[in-house]
Amino acid sequence: MKHRIVVLGAGYAGANAAARLAKRLHPADTEVTLVNADPEFVERVRMHQLATGQDLKPRPLADVFAGTGVQVRIAQVTAVDVERRTVAVVDADRPGEIAYDTLVYALGSTAADCGVPGVAENAHHLAGKHAALRLRARLADLAAGGTVLVVGGGLTSIEAATEIAEARPDLAVALAARGGAGDWLSEKAQRHLRTVFDRLGITLHEHTGIARVEPAGVVTADGRTLPAQVTVWAAGFTVHPIAAATTLRVSPTGQIVVDDTMRSVSHPDVYAVGDAALAPGASGAPLRMSCAAGVPMAHLAADAIAARLTGGRVPPNKIGYTAQCVSLGRRDAVVQWVTPDDEPKPSAVTGRTAARLKEMICRTAAWSISHPTSMLPTRRRRTVRADEPHAITV
């Protein structure tokens, strides 16, 4: 009987994990099933572009994984039973169940309301394709002089504010941040960021907590009102509650706690990658939610699963960071060089050169998803039976 590997989620982490598993393991011994609610791979790092009217290249998962051996199933995951080793799904409005021997959990994250009243009812977010399209329609309805407030001081909020301001110079765009906007960047990068904000006419409300989101704006923690016809909430991300509803060990944030090989510390037949996992990097410090961490996490998990199934050597965890890339519209950006522990270095690339560099990185990431058989040599190894001397259980 074949060893059944089920990958939940086809974002950057899940899609990379599925493709790498198919290249590492022989199809005579294993089957890899990729489950995703959307029939297309979504470039989540480009949701601010989608929201401002730009069209993204469609990448149907059926086409992406054609000929790879990966079975694609378009279905919504509703629950995971780690004792029975099954996944409950809804496929074309019909409930179903998928059994697994090894599970790779990569369901990602969605927008976090941070406990602020009114976010769900009155704010837009950019955590997925459908949310970005809703914001796109709302922005298109705004007449000249309309007001937009982006809440958050991190990468997503900065990219959203600058993209909207560049695409719609007729709108009044503001950004509200609990701390300083981009205050983790180097001095050089922060100076450039302020220059771009000034050039695009973005109003900054820094060190401003939000107490409530209303239909016509927000109320700050100190009782002020910031009017906005459209509020974009980009203050953070949270994971889906499915893992927390299981007996898997999860963190207070709901992320699955994993070891150096992305393997659940409580259930050895479950691996978690991407935003859904609380995982250590090479230094032992937790990795942040990001594409930069999710892709190497996926590669490591796939290689560890393949090694354990085939009796090979489990690779070490060498995951670290190189840069943080922040687009500032289509013609400007900041590429902040960082240490492997994600601490900013004094050096940064800015302007058009940085924009070209970030675009190249985004295109490369999307290309690797669209061409899963082209990124590394195919070395499909046979699995080791449990009764063989060198067998290693997954």
# chains A, B, ... in the order shown; residues from 1 in each chain; ligands from 1
$ select_by_dssp --residues "range 119-200 of chain A" --states "helix (DSSP H, G or I)" --output "PyMOL selection string"
chain A and resi 119-122+129-141+155-167+187-200
$ write_last_selection --atoms "C-alpha atoms" --output "PDB file, in the first residue's frame"
ATOM      1  CA  VAL A 119     -12.712  45.619  12.219  1.00  0.00           C
ATOM      2  CA  ALA A 120     -14.698  42.705  10.766  1.00  0.00           C
ATOM      3  CA  GLU A 121     -17.743  44.850  10.023  1.00  0.00           C
ATOM      4  CA  ASN A 122     -16.147  48.075   8.799  1.00  0.00           C
ATOM      5  CA  LYS A 129      -7.479  37.172  -3.137  1.00  0.00           C
ATOM      6  CA  HIS A 130     -11.174  37.600  -2.397  1.00  0.00           C
ATOM      7  CA  ALA A 131     -10.479  40.261   0.233  1.00  0.00           C
ATOM      8  CA  ALA A 132      -8.221  42.137  -2.186  1.00  0.00           C
ATOM      9  CA  LEU A 133     -10.887  42.017  -4.882  1.00  0.00           C
ATOM     10  CA  ARG A 134     -13.480  43.414  -2.468  1.00  0.00           C
ATOM     11  CA  LEU A 135     -11.140  46.279  -1.647  1.00  0.00           C
ATOM     12  CA  ARG A 136     -10.473  46.775  -5.352  1.00  0.00           C
ATOM     13  CA  ALA A 137     -14.194  47.230  -6.024  1.00  0.00           C
ATOM     14  CA  ARG A 138     -14.558  49.628  -3.101  1.00  0.00           C
ATOM     15  CA  LEU A 139     -11.617  51.771  -4.171  1.00  0.00           C
ATOM     16  CA  ALA A 140     -12.973  51.909  -7.713  1.00  0.00           C
ATOM     17  CA  ASP A 141     -16.186  53.400  -6.312  1.00  0.00           C
ATOM     18  CA  LEU A 155       5.376  45.654   5.520  1.00  0.00           C
ATOM     19  CA  THR A 156       1.804  45.001   4.393  1.00  0.00           C
ATOM     20  CA  SER A 157       0.470  48.380   5.512  1.00  0.00           C
ATOM     21  CA  ILE A 158       3.364  50.318   3.992  1.00  0.00           C
ATOM     22  CA  GLU A 159       3.013  48.508   0.674  1.00  0.00           C
ATOM     23  CA  ALA A 160      -0.760  49.010   0.672  1.00  0.00           C
ATOM     24  CA  ALA A 161      -0.601  52.718   1.479  1.00  0.00           C
ATOM     25  CA  THR A 162       2.049  53.511  -1.113  1.00  0.00           C
ATOM     26  CA  GLU A 163       0.417  51.379  -3.811  1.00  0.00           C
ATOM     27  CA  ILE A 164      -2.965  53.035  -3.301  1.00  0.00           C
ATOM     28  CA  ALA A 165      -1.458  56.518  -3.187  1.00  0.00           C
ATOM     29  CA  GLU A 166       0.495  55.935  -6.393  1.00  0.00           C
ATOM     30  CA  ALA A 167      -2.384  54.291  -8.278  1.00  0.00           C
ATOM     31  CA  GLU A 187      18.324  54.827   9.204  1.00  0.00           C
ATOM     32  CA  LYS A 188      18.972  54.913   5.465  1.00  0.00           C
ATOM     33  CA  ALA A 189      15.836  52.925   4.710  1.00  0.00           C
ATOM     34  CA  GLN A 190      13.701  54.990   7.089  1.00  0.00           C
ATOM     35  CA  ARG A 191      14.863  58.240   5.455  1.00  0.00           C
ATOM     36  CA  HIS A 192      13.932  56.922   2.042  1.00  0.00           C
ATOM     37  CA  LEU A 193      10.577  55.727   3.322  1.00  0.00           C
ATOM     38  CA  ARG A 194       9.764  59.221   4.640  1.00  0.00           C
ATOM     39  CA  THR A 195      10.803  60.750   1.337  1.00  0.00           C
ATOM     40  CA  VAL A 196       8.413  58.464  -0.531  1.00  0.00           C
ATOM     41  CA  PHE A 197       5.553  59.169   1.888  1.00  0.00           C
ATOM     42  CA  ASP A 198       6.058  62.899   1.340  1.00  0.00           C
ATOM     43  CA  ARG A 199       6.257  62.508  -2.435  1.00  0.00           C
ATOM     44  CA  LEU A 200       3.040  60.481  -2.539  1.00  0.00           C
TER      45      LEU A 200
END
$ residues_around --residues "Leu61 in chain A" --least-positions-apart "2" --cutoff "7 Å" --atoms "only C-alpha atoms" --output "PyMOL selection string"
chain A and resi 39-41+59+63-65
$ residues_around --residues "Ala10 in chain A" --least-positions-apart "3" --cutoff "9 Å" --atoms "only C-alpha atoms" --output "count of residues only"
18
$ residues_around --residues "Gly118 in chain A" --least-positions-apart "4" --cutoff "12 Å" --atoms "only C-alpha atoms" --output "list in words"
Asp113, Cys114, Asn122, Ala123, His124, Ile210, Ala211, Arg212, Val213, Glu214, Pro215, Ala216, Gly217, Val218, Val219, Thr231 and Trp233 of chain A
$ closest_residue --among "A:Thr33, A:Ser283, A:Gln255, A:Thr238" --to "Leu8 in chain A" --atoms "only C-alpha atoms"
A:Thr33
$ closest_residue --among "A:Leu328, A:Cys362, A:Ala304, A:Ile256" --to "Ala292 in chain A" --atoms "only C-alpha atoms"
A:Cys362
$ select_by_dssp --residues "range 232-328 of chain A" --states "strand (DSSP E or B)" --output "list in words"
Val232, Trp233, Phe237, Thr238, Val239, Val250, Ile256, Val257, Val258, Arg263, Ser264, Val270, Tyr271, Ala272, Ala277, Leu278, Pro280, Pro286, Ala323, Gln324, Cys325, Val326 and Ser327 of chain A
$ residues_around --residues "Val335 in chain A" --least-positions-apart "2" --cutoff "7 Å" --atoms "only C-alpha atoms" --output "PyMOL selection string"
chain A and resi 323-326+333+337+348-350+354
$ write_last_selection --atoms "N, CA and C atoms" --output "compact mmCIF listing (two decimals), in the first residue's frame"
# COMPACT_ATOMS: atom_id res chain seq x y z
N ALA A 323 17.23 39.45 3.53
CA ALA A 323 16.72 40.80 3.28
C ALA A 323 15.24 40.88 3.59
N GLN A 324 14.78 42.10 3.80
CA GLN A 324 13.36 42.41 3.83
C GLN A 324 13.09 43.36 2.67
N CYS A 325 12.13 43.00 1.83
CA CYS A 325 11.83 43.79 0.64
C CYS A 325 10.48 44.48 0.81
N VAL A 326 10.46 45.80 0.61
CA VAL A 326 9.24 46.58 0.78
C VAL A 326 9.00 47.37 -0.50
N ALA A 333 11.12 51.19 -4.03
CA ALA A 333 11.12 50.12 -3.02
C ALA A 333 12.29 50.32 -2.07
N TRP A 337 18.90 44.96 3.90
CA TRP A 337 19.72 43.78 4.20
C TRP A 337 19.66 43.51 5.69
N ALA A 348 21.19 49.33 2.80
CA ALA A 348 19.91 49.06 2.15
C ALA A 348 19.97 49.58 0.72
N VAL A 349 19.22 48.94 -0.16
CA VAL A 349 19.07 49.41 -1.54
C VAL A 349 17.73 50.12 -1.62
N THR A 350 17.69 51.26 -2.29
CA THR A 350 16.45 52.03 -2.38
C THR A 350 16.18 52.46 -3.83
N ALA A 354 15.99 49.07 -6.16
CA ALA A 354 15.34 48.20 -5.19
C ALA A 354 14.03 47.65 -5.75
$ residues_around --residues "range 74-84 of chain A" --least-positions-apart "5" --cutoff "10 Å" --atoms "only C-alpha atoms" --output "PyMOL selection string"
chain A and resi 8-9+34-40+61-62+89-101+103+105+107+241-248+267+269-270
$ atom_distance --atom1 "CA of Leu357 in chain A" --atom2 "CA of Ala277 in chain A"
28.2 Å
$ residues_around --residues "Leu25 in chain A" --least-positions-apart "2" --cutoff "8 Å" --atoms "only C-alpha atoms" --output "PyMOL selection string"
chain A and resi 21-23+27+29-30+306+379-383
$ atom_distance --atom1 "CA of Leu126 in chain A" --atom2 "CA of Ser186 in chain A"
25.9 Å
